[in-house]
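For reference, final-v6.cif (mmCIF, C-alpha atoms, pLDDT in the B column; chains and numbers go by the auth columns):
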```cif
data_start
#
loop_
_atom_site.group_PDB
_atom_site.id
_atom_site.type_symbol
_atom_site.label_atom_id
_atom_site.label_comp_id
_atom_site.label_asym_id
_atom_site.label_seq_id
_atom_site.Cartn_x
_atom_site.Cartn_y
_atom_site.Cartn_z
_atom_site.B_iso_or_equiv
_atom_site.auth_seq_id
_atom_site.auth_asym_id
ATOM 1 C CA MET A 1 0.000 0.000 0.000 84.00 220 A
ATOM 2 C CA ARG A 2 1.297 3.459 -0.934 89.00 221 A
ATOM 3 C CA THR A 3 0.441 6.622 0.999 91.00 222 A
ATOM 4 C CA THR A 4 1.211 10.129 -0.237 92.00 223 A
ATOM 5 C CA TYR A 5 1.444 13.196 1.985 93.00 224 A
ATOM 6 C CA ARG A 6 1.270 16.603 0.330 93.00 225 A
ATOM 7 C CA MET A 7 2.421 19.954 1.655 93.00 226 A
ATOM 8 C CA ARG A 8 -0.069 22.200 3.404 92.00 227 A
ATOM 9 C CA PRO A 9 -1.772 24.324 0.708 91.00 228 A
ATOM 10 C CA GLY A 10 -1.688 27.444 2.889 89.00 229 A
ATOM 11 C CA ARG A 11 2.072 27.650 2.390 89.00 230 A
ATOM 12 C CA PHE A 12 1.450 28.686 -1.215 94.00 231 A
ATOM 13 C CA LEU A 13 -1.137 31.444 -0.795 94.00 232 A
ATOM 14 C CA GLY A 14 1.500 34.007 -1.706 95.00 233 A
ATOM 15 C CA ILE A 15 1.679 32.817 -5.305 96.00 234 A
ATOM 16 C CA PRO A 16 -1.850 33.779 -6.398 96.00 235 A
ATOM 17 C CA ALA A 17 -1.560 36.885 -4.196 96.00 236 A
ATOM 18 C CA ALA A 18 1.516 37.972 -6.167 97.00 237 A
ATOM 19 C CA GLY A 19 -0.403 37.421 -9.395 97.00 238 A
ATOM 20 C CA LEU A 20 -3.261 39.564 -8.118 97.00 239 A
ATOM 21 C CA ILE A 21 -0.801 42.320 -7.235 97.00 240 A
ATOM 22 C CA ILE A 22 0.580 42.236 -10.780 97.00 241 A
ATOM 23 C CA LEU A 23 -2.977 42.410 -12.133 97.00 242 A
ATOM 24 C CA GLY A 24 -3.491 45.436 -9.889 97.00 243 A
ATOM 25 C CA VAL A 25 -0.390 47.058 -11.389 96.00 244 A
ATOM 26 C CA ALA A 26 -1.883 46.391 -14.844 96.00 245 A
ATOM 27 C CA ALA A 27 -5.096 48.132 -13.776 96.00 246 A
ATOM 28 C CA VAL A 28 -3.145 51.142 -12.522 96.00 247 A
ATOM 29 C CA LEU A 29 -1.128 51.307 -15.748 95.00 248 A
ATOM 30 C CA TRP A 30 -4.333 51.148 -17.774 96.00 249 A
ATOM 31 C CA ALA A 31 -5.926 53.879 -15.632 96.00 250 A
ATOM 32 C CA PHE A 32 -2.948 56.190 -16.243 95.00 251 A
ATOM 33 C CA GLY A 33 -3.084 55.556 -19.979 94.00 252 A
ATOM 34 C CA ALA A 34 0.019 53.400 -20.383 94.00 253 A
ATOM 35 C CA PRO A 35 0.548 51.795 -23.794 95.00 254 A
ATOM 36 C CA ALA A 36 -1.675 48.793 -24.462 95.00 255 A
ATOM 37 C CA ALA A 37 1.356 46.531 -24.944 96.00 256 A
ATOM 38 C CA ALA A 38 2.620 47.265 -21.428 94.00 257 A
ATOM 39 C CA VAL A 39 -0.816 46.658 -19.922 96.00 258 A
ATOM 40 C CA ALA A 40 -1.144 43.409 -21.917 97.00 259 A
ATOM 41 C CA VAL A 41 2.210 42.163 -20.602 96.00 260 A
ATOM 42 C CA PHE A 42 1.186 42.769 -16.985 96.00 261 A
ATOM 43 C CA VAL A 43 -2.274 41.242 -17.498 97.00 262 A
ATOM 44 C CA THR A 44 -0.794 38.147 -19.134 97.00 263 A
ATOM 45 C CA LEU A 45 1.923 37.722 -16.519 97.00 264 A
ATOM 46 C CA GLY A 46 -0.448 38.339 -13.601 97.00 265 A
ATOM 47 C CA GLY A 47 -3.081 36.001 -15.042 97.00 266 A
ATOM 48 C CA LEU A 48 -0.558 33.184 -15.545 97.00 267 A
ATOM 49 C CA ILE A 49 0.780 33.579 -12.017 97.00 268 A
ATOM 50 C CA VAL A 50 -2.744 33.522 -10.549 97.00 269 A
ATOM 51 C CA LEU A 51 -3.596 30.371 -12.532 97.00 270 A
ATOM 52 C CA ALA A 52 -0.348 28.662 -11.499 96.00 271 A
ATOM 53 C CA GLY A 53 -0.984 29.614 -7.877 96.00 272 A
ATOM 54 C CA LEU A 54 -4.511 28.213 -7.982 96.00 273 A
ATOM 55 C CA TRP A 55 -3.170 24.995 -9.506 96.00 274 A
ATOM 56 C CA ILE A 56 -0.627 24.649 -6.690 95.00 275 A
ATOM 57 C CA LEU A 57 -3.313 25.355 -4.071 94.00 276 A
ATOM 58 C CA LEU A 58 -5.517 22.617 -5.538 94.00 277 A
ATOM 59 C CA ARG A 59 -2.661 20.128 -5.898 94.00 278 A
ATOM 60 C CA PRO A 60 0.211 20.993 -3.516 94.00 279 A
ATOM 61 C CA PRO A 61 3.650 19.416 -4.029 93.00 280 A
ATOM 62 C CA VAL A 62 4.275 15.933 -2.618 92.00 281 A
ATOM 63 C CA LEU A 63 6.267 15.984 0.606 91.00 282 A
ATOM 64 C CA LEU A 64 6.642 12.258 1.184 92.00 283 A
ATOM 65 C CA LYS A 65 5.479 8.891 -0.081 93.00 284 A
ATOM 66 C CA LEU A 66 5.338 5.775 2.049 92.00 285 A
ATOM 67 C CA SER A 67 5.310 2.306 0.531 91.00 286 A
ATOM 68 C CA ASP A 68 5.804 -1.128 2.042 88.00 287 A
ATOM 69 C CA ASP A 69 9.476 -1.193 0.999 89.00 288 A
ATOM 70 C CA GLU A 70 10.675 2.388 1.195 90.00 289 A
ATOM 71 C CA VAL A 71 10.008 5.955 2.206 91.00 290 A
ATOM 72 C CA GLU A 72 10.524 8.785 -0.280 91.00 291 A
ATOM 73 C CA VAL A 73 10.977 12.304 1.119 88.00 292 A
ATOM 74 C CA ARG A 74 11.190 15.080 -1.479 83.00 293 A
ATOM 75 C CA GLY A 75 12.680 12.651 -4.000 82.00 294 A
ATOM 76 C CA LEU A 76 15.134 10.948 -1.615 85.00 295 A
ATOM 77 C CA ARG A 77 14.351 7.229 -1.299 88.00 296 A
ATOM 78 C CA THR A 78 15.360 5.191 1.727 88.00 297 A
ATOM 79 C CA SER A 79 14.589 1.562 2.475 89.00 298 A
ATOM 80 C CA TRP A 80 12.651 0.923 5.683 88.00 299 A
ATOM 81 C CA THR A 81 15.317 -1.555 6.762 87.00 300 A
ATOM 82 C CA ASP A 82 17.917 1.268 6.645 89.00 301 A
ATOM 83 C CA ILE A 83 15.876 3.414 9.036 88.00 302 A
ATOM 84 C CA THR A 84 16.677 2.767 12.679 86.00 303 A
ATOM 85 C CA GLU A 85 14.509 5.315 14.474 86.00 304 A
ATOM 86 C CA VAL A 86 11.686 7.800 13.901 86.00 305 A
ATOM 87 C CA GLY A 87 11.073 10.642 16.316 87.00 306 A
ATOM 88 C CA ARG A 88 10.398 14.338 16.762 90.00 307 A
ATOM 89 C CA VAL A 89 13.263 16.808 16.931 91.00 308 A
ATOM 90 C CA ASP A 90 13.445 20.578 17.390 92.00 309 A
ATOM 91 C CA THR A 91 15.125 22.425 14.551 89.00 310 A
ATOM 92 C CA THR A 92 15.692 26.074 13.764 90.00 311 A
ATOM 93 C CA GLN A 93 12.646 25.817 11.478 85.00 312 A
ATOM 94 C CA GLY A 94 10.383 24.302 14.158 91.00 313 A
ATOM 95 C CA VAL A 95 9.480 20.739 15.078 92.00 314 A
ATOM 96 C CA ALA A 96 10.312 18.030 12.534 92.00 315 A
ATOM 97 C CA VAL A 97 10.072 14.258 12.271 91.00 316 A
ATOM 98 C CA ALA A 98 13.543 12.772 11.991 89.00 317 A
ATOM 99 C CA LEU A 99 14.067 9.519 10.124 88.00 318 A
ATOM 100 C CA ARG A 100 17.411 8.334 11.483 89.00 319 A
ATOM 101 C CA THR A 101 19.286 5.874 9.318 87.00 320 A
ATOM 102 C CA LYS A 102 22.127 3.471 9.972 86.00 321 A
ATOM 103 C CA GLN A 103 24.443 6.234 8.775 84.00 322 A
ATOM 104 C CA PRO A 104 23.799 9.239 11.063 75.00 323 A
ATOM 105 C CA GLU A 105 24.813 11.768 8.401 80.00 324 A
ATOM 106 C CA HIS A 106 22.020 10.481 6.122 82.00 325 A
ATOM 107 C CA SER A 107 19.120 11.219 8.467 84.00 326 A
ATOM 108 C CA VAL A 108 16.062 12.801 6.852 87.00 327 A
ATOM 109 C CA LEU A 109 13.965 15.597 8.380 88.00 328 A
ATOM 110 C CA VAL A 110 10.295 16.213 7.607 90.00 329 A
ATOM 111 C CA PRO A 111 9.233 19.653 8.913 91.00 330 A
ATOM 112 C CA LEU A 112 5.809 19.265 10.538 91.00 331 A
ATOM 113 C CA ARG A 113 4.753 22.807 9.698 91.00 332 A
ATOM 114 C CA TRP A 114 4.820 21.789 6.032 91.00 333 A
ATOM 115 C CA LEU A 115 1.929 19.371 6.675 91.00 334 A
ATOM 116 C CA ALA A 116 -1.706 20.090 7.425 88.00 335 A
ATOM 117 C CA PRO A 117 -2.290 19.738 11.203 88.00 336 A
ATOM 118 C CA ALA A 118 -4.769 16.885 10.647 88.00 337 A
ATOM 119 C CA GLN A 119 -2.082 14.834 8.865 91.00 338 A
ATOM 120 C CA ILE A 120 0.605 15.006 11.560 90.00 339 A
ATOM 121 C CA GLY A 121 -0.834 12.365 13.907 89.00 340 A
ATOM 122 C CA LYS A 122 -1.693 10.065 11.011 92.00 341 A
ATOM 123 C CA LEU A 123 1.834 10.405 9.605 91.00 342 A
ATOM 124 C CA GLU A 124 3.539 9.627 12.922 89.00 343 A
ATOM 125 C CA THR A 125 1.339 6.578 13.495 89.00 344 A
ATOM 126 C CA GLU A 126 1.930 5.280 9.987 90.00 345 A
ATOM 127 C CA LEU A 127 5.690 5.847 10.217 89.00 346 A
ATOM 128 C CA ARG A 128 5.834 3.935 13.508 87.00 347 A
ATOM 129 C CA GLU A 129 3.747 1.042 12.156 87.00 348 A
ATOM 130 C CA ARG A 130 5.724 0.731 8.921 87.00 349 A
ATOM 131 C CA LEU A 131 9.055 0.901 10.771 87.00 350 A
ATOM 132 C CA ASN A 132 7.934 -1.791 13.231 85.00 351 A
ATOM 133 C CA LYS A 133 6.730 -3.984 10.371 85.00 352 A
ATOM 134 C CA ALA A 134 10.005 -3.567 8.460 83.00 353 A
ATOM 135 C CA HIS A 135 12.033 -4.663 11.498 79.00 354 A
ATOM 136 C CA GLY A 136 9.618 -7.409 12.566 77.00 355 A
ATOM 137 C CA TYR A 137 8.481 -5.712 15.771 75.00 356 A
ATOM 138 C CA THR A 138 5.036 -6.154 17.215 68.00 357 A
ATOM 139 C CA ILE A 139 3.289 -4.228 19.952 65.00 358 A
ATOM 140 C CA TRP A 140 3.265 -6.204 23.185 64.00 359 A
ATOM 141 C CA ASP A 141 -0.319 -6.869 24.218 63.00 360 A
ATOM 142 C CA GLY A 142 0.543 -7.532 27.871 62.00 361 A
ATOM 143 C CA THR A 143 0.254 -11.319 27.714 62.00 362 A
ATOM 144 C CA ALA A 144 3.014 -13.795 28.407 57.00 363 A
ATOM 145 C CA GLY A 145 4.344 -15.976 25.613 57.00 364 A
ATOM 146 C CA GLU A 146 3.972 -19.709 25.438 64.00 365 A
ATOM 147 C CA PRO A 147 6.136 -21.633 27.976 61.00 366 A
ATOM 148 C CA ASP A 148 8.253 -23.224 25.240 64.00 367 A
ATOM 149 C CA ASP A 149 8.599 -19.916 23.342 58.00 368 A
ATOM 150 C CA ARG A 150 12.142 -18.879 24.263 58.00 369 A
ATOM 151 C CA ALA A 151 13.564 -15.448 23.767 54.00 370 A
ATOM 152 C CA GLU A 152 16.367 -15.295 21.259 55.00 371 A
#
```
When written as structure tokens, how does the structure in this file appear?
Amino acid sequence: MRTTYRMRPGRFLGIPAAGLIILGVAAVLWAFGAPAAAVAVFVTLGGLIVLAGLWILLRPPVLLKLSDDEVEVRGLRTSWTDITEVGRVDTTQGVAVALRTKQPEHSVLVPLRWLAPAQIGKLETELRERLNKAHGYTIWDGTAGEPDDRAE
């Protein structure tokens, strides 16, 4: 099963806002009698930026993809068996989920403020479950094992 987490759309509100500002500049130029070519350039540029911004708001960029075999964060793929630990860390950019690998210098950070608040708990639960599954861990249910089931 593959799960995709996208960036929070609110992060990209500035793009259509910038396009609207450029359209406003076009309106001012038109009101002051600027040449039609100059107004057309600003209208075209502003319109394209607004459309691109709306597209990004409707379909934000992918932040991470989780599959049974690997995790892909912003294009960087790592096998679940190479990940040793998942946990929250404080960074200069706020709280992030750290995917620590067998090689400490290859750890991956996922800034939580890039995700919608409703996705954060779901992501952490899914990361924990997939990591446990990859390493063969199960959650202890509080019962004792069978008498002839020896620990290894």
Tell me which protein, DNA and RNA residues are within 7 Å of Gly265 in chain A, counting only C-alpha atoms, leaving out same-chain ones fewer than 5 positions away, and put them as JSON, numbers by chain. {"A": [238, 239, 241, 242]}
Selected by the PyMOL selection byres ((chain A and resi 271) around 12) in the shown coordinates: which residues, as a list in words? Phe231, Leu232, Gly233, Ile234, Pro235, Ala236, Ala237, Gly238, Leu239, Leu264, Gly265, Gly266, Leu267, Ile268, Val269, Leu270, Gly272, Leu273, Trp274, Ile275, Leu276, Leu277, Arg278 and Pro279 of chain A
Can you pull out the residues contacting Arg296 in chain A? Cut-off 12 Å, using all atoms listed in the file, and skip same-chain residues under 2 positions away; I want them as a PyMOL selection string. chain A and resi 283-286+288-294+298-302+318+320+325-327
What's around Arg349 in chain A at 8 Å? Count only C-alpha atoms, leave out sequence neighbours fewer than 3 positions away in its own chain, and write the answer as a list of chain:residue names.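 Selected residues are A:Asp287, A:Trp299, A:Glu345, A:Leu346, A:Lys352, A:Ala353.
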Find the distance between CA of Ala317 in chain A and CA of Gly340 in chain A and write it in Å to one decimal.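 Going from CA of Ala317 in chain A over to CA of Gly340 in chain A covers 14.5 Å.
Near Ala259 in chain A, within a cut-off of 12 Å and counting only C-alpha atoms, sit the residues Ile241, Leu242, Val244, Ala245, Ala246, Leu248, Trp249, Ala253, Pro254, Ala255, Ala256, Ala257, Phe261, Val262, Thr263, Leu264, Gly265 and Gly266 of chain A, with same-chain residues fewer than 2 positions away left out.
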What is the CA of Thr223 in chain A to CA of Leu282 in chain A distance in Å? 7.8 Å
Could you work out how far CA of Glu304 in chain A lies from CA of Leu350 in chain A, giving the answer in Å with one decimal?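 Spanning CA of Leu350 in chain A to CA of Glu304 in chain A is a straight-line distance of 7.9 Å.
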Pick the closest to Val258 in chain A from A:Val305, A:Gly243, A:Asn351, A:Tyr356: which is it, counting only C-alpha atoms?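 When distances to Val258 in chain A are compared using only C-alpha atoms, the smallest one comes from A:Gly243.
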Just so the selection is clear, what residues does the PyMOL selection byres ((chain A and resi 331) around 7) cover here, as a PDB file with C-alpha atoms, in the coordinates of the input?
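Generated file (result.pdb):
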```
ATOM      1  CA  VAL A 314       9.480  20.739  15.078  1.00 92.00           C
ATOM      2  CA  ALA A 315      10.312  18.030  12.534  1.00 92.00           C
ATOM      3  CA  VAL A 316      10.072  14.258  12.271  1.00 91.00           C
ATOM      4  CA  VAL A 329      10.295  16.213   7.607  1.00 90.00           C
ATOM      5  CA  PRO A 330       9.233  19.653   8.913  1.00 91.00           C
ATOM      6  CA  ARG A 332       4.753  22.807   9.698  1.00 91.00           C
ATOM      7  CA  TRP A 333       4.820  21.789   6.032  1.00 91.00           C
ATOM      8  CA  LEU A 334       1.929  19.371   6.675  1.00 91.00           C
ATOM      9  CA  ILE A 339       0.605  15.006  11.560  1.00 90.00           C
TER      10      ILE A 339
END
```
Just checking: using all atoms listed in the file, which residue out of A:Arg347, A:Met220, A:Gly355, A:Thr297 ends up closest to Gln322 in chain A? A:Thr297
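Counting only C-alpha atoms and comparing A:Leu342, A:His354, A:Thr222, A:Leu328, the residue that lies closest to Thr303 in chain A is A:His354.
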With 5 Å on each side, where is the centre of the axis-aligned box around all listed atoms of range 285-302 of chain A, and how long are its edges in Å to one decimal, as lines of an AutoDock Vina configuration file?
```
center_x = 11.6
center_y = 6.8
center_z = 2.5
size_x = 22.6
size_y = 26.6
size_z = 23.0
```
